[in-house]
Amino acid sequence: MASFASFHSVLRASAPLAAAAALLFSASAAFAADVTVSDAWARASAGPAKTGAAFFTVTNSGSSDDQLLSASSPAVSATDELHTHIKDGDVMRMRQVEKIDVPAGKAVTLQPGGLHVMLMSLSAPLAEGQTFPLTLTFAKAGTIETTVTVKAAGAMGQMDHSQMDHSKMDHGAMDHSGHTKQ
Ligand SMILES: [Cu+2]
């Protein structure tokens, strides 16, 4: 009976710990659900492109600001970067950014001519209709995996960017001199 009693007391002692662990787990699970990724797409490559771009909407329905820190799509590209566009005179230039802010209660849309995930080294040109997994890492929400659908080469999303066809940009010739990380 002595051994049963001590076993019982161990159970009692660990009960608060188990409750705390359960609370932590449910808190982080609830938090992850606060940030969602939707409508992920990329543009089909025009010719033998080495780079591509992926776009999507991040919605933060929680009460804490979050940041997108990195993206990864090893199925199609060895390296991905977070980019934005800046207007330099009449020329739109891409610039790498360290993170993309996703404020509490806001939705951020990555789209042609603006923020995007740059697929830096495609293993093969992206074909219309193709899908591939994209893993996004957030500062607080952690890792979220989404599926990217490849649309026609001229696809623009909701905006008209006829003067800025990303697929025709030569990333290699891009001016990196002003490539400051934010
Ligand atoms: Cu880019």
# chains A, B, ... in the order shown; residues from 1 in each chain; ligands from 1
>>> residues_near_ligand(ligand="ligand 1", cutoff="9 Å", atoms="only C-alpha atoms and all ligand atoms", output="ChimeraX atom specification")
/A:51-53,81-85,93-96,115-120,166,169,171
>>> residues_around(residues="A:Ser77", least_positions_apart="5", cutoff="6 Å", atoms="only C-alpha atoms", output="ChimeraX atom specification")
/A:119,121-123
>>> residues_around(residues="A:Ala153", least_positions_apart="3", cutoff="7 Å", atoms="only C-alpha atoms", output="JSON list (two decimals) with C-alpha atoms, in the first residue's frame")
[["chain", "number", "residue", "atom", "x", "y", "z"],
["A", 43, "ARG", "CA", 2.86, 33.05, -62.37],
["A", 44, "ALA", "CA", 3.84, 30.53, -65.01],
["A", 45, "SER", "CA", 7.36, 31.07, -66.31],
["A", 46, "ALA", "CA", 7.76, 32.79, -69.65]]
>>> atom_distance(atom1="atom CA of A:Thr143", atom2="atom CA of A:Val58")
12.8 Å
>>> atom_distance(atom1="atom CA of A:Met92", atom2="atom CA of A:Val148")
24.8 Å
>>> select_by_dssp(residues="stretch 21-166 of chain A", states="alpha helix (DSSP H)", output="list in words")
Ala21, Ala22, Leu23, Leu24, Phe25, Ser26, Ala27, Ser28, Ala29, Ala30, Phe31 and Ala32 of chain A
>>> write_last_selection(atoms="N, CA and C atoms", output="PDB file, in the first residue's frame")
ATOM      1  N   ALA A  21       0.634  22.284 -18.953  1.00  0.00           N
ATOM      2  CA  ALA A  21       1.081  21.886 -20.285  1.00  0.00           C
ATOM      3  C   ALA A  21      -0.091  21.914 -21.264  1.00  0.00           C
ATOM      4  N   ALA A  22      -1.245  21.421 -20.816  1.00  0.00           N
ATOM      5  CA  ALA A  22      -2.425  21.414 -21.674  1.00  0.00           C
ATOM      6  C   ALA A  22      -2.844  22.835 -22.019  1.00  0.00           C
ATOM      7  N   LEU A  23      -2.727  23.717 -21.056  1.00  0.00           N
ATOM      8  CA  LEU A  23      -3.086  25.114 -21.270  1.00  0.00           C
ATOM      9  C   LEU A  23      -2.149  25.757 -22.291  1.00  0.00           C
ATOM     10  N   LEU A  24      -0.852  25.478 -22.122  1.00  0.00           N
ATOM     11  CA  LEU A  24       0.136  26.005 -23.052  1.00  0.00           C
ATOM     12  C   LEU A  24      -0.154  25.514 -24.462  1.00  0.00           C
ATOM     13  N   PHE A  25      -0.437  24.220 -24.563  1.00  0.00           N
ATOM     14  CA  PHE A  25      -0.676  23.631 -25.875  1.00  0.00           C
ATOM     15  C   PHE A  25      -1.891  24.267 -26.536  1.00  0.00           C
ATOM     16  N   SER A  26      -2.977  24.403 -25.778  1.00  0.00           N
ATOM     17  CA  SER A  26      -4.187  24.962 -26.388  1.00  0.00           C
ATOM     18  C   SER A  26      -3.987  26.433 -26.723  1.00  0.00           C
ATOM     19  N   ALA A  27      -3.175  27.130 -25.913  1.00  0.00           N
ATOM     20  CA  ALA A  27      -2.918  28.539 -26.193  1.00  0.00           C
ATOM     21  C   ALA A  27      -2.153  28.687 -27.502  1.00  0.00           C
ATOM     22  N   SER A  28      -1.130  27.847 -27.714  1.00  0.00           N
ATOM     23  CA  SER A  28      -0.352  27.983 -28.942  1.00  0.00           C
ATOM     24  C   SER A  28      -1.170  27.517 -30.143  1.00  0.00           C
ATOM     25  N   ALA A  29      -2.011  26.504 -29.964  1.00  0.00           N
ATOM     26  CA  ALA A  29      -2.847  26.039 -31.065  1.00  0.00           C
ATOM     27  C   ALA A  29      -3.826  27.136 -31.470  1.00  0.00           C
ATOM     28  N   ALA A  30      -4.394  27.807 -30.468  1.00  0.00           N
ATOM     29  CA  ALA A  30      -5.326  28.885 -30.763  1.00  0.00           C
ATOM     30  C   ALA A  30      -4.600  30.020 -31.459  1.00  0.00           C
ATOM     31  N   PHE A  31      -3.368  30.282 -31.048  1.00  0.00           N
ATOM     32  CA  PHE A  31      -2.626  31.370 -31.656  1.00  0.00           C
ATOM     33  C   PHE A  31      -2.307  31.085 -33.116  1.00  0.00           C
ATOM     34  N   ALA A  32      -1.886  29.851 -33.402  1.00  0.00           N
ATOM     35  CA  ALA A  32      -1.541  29.505 -34.780  1.00  0.00           C
ATOM     36  C   ALA A  32      -2.726  29.733 -35.704  1.00  0.00           C
TER      37      ALA A  32
END
>>> closest_residue(among="A:Ala42, A:Val102, A:Ala78, A:Thr36", to="A:Ala139", atoms="only C-alpha atoms")
A:Val102
>>> select_by_dssp(residues="stretch 78-151 of chain A", states="strand (DSSP E or B)", output="NGL selection string")
:A and (80-88 or 91-96 or 100-102 or 107-109 or 116-119 or 122 or 131-138 or 142-151)
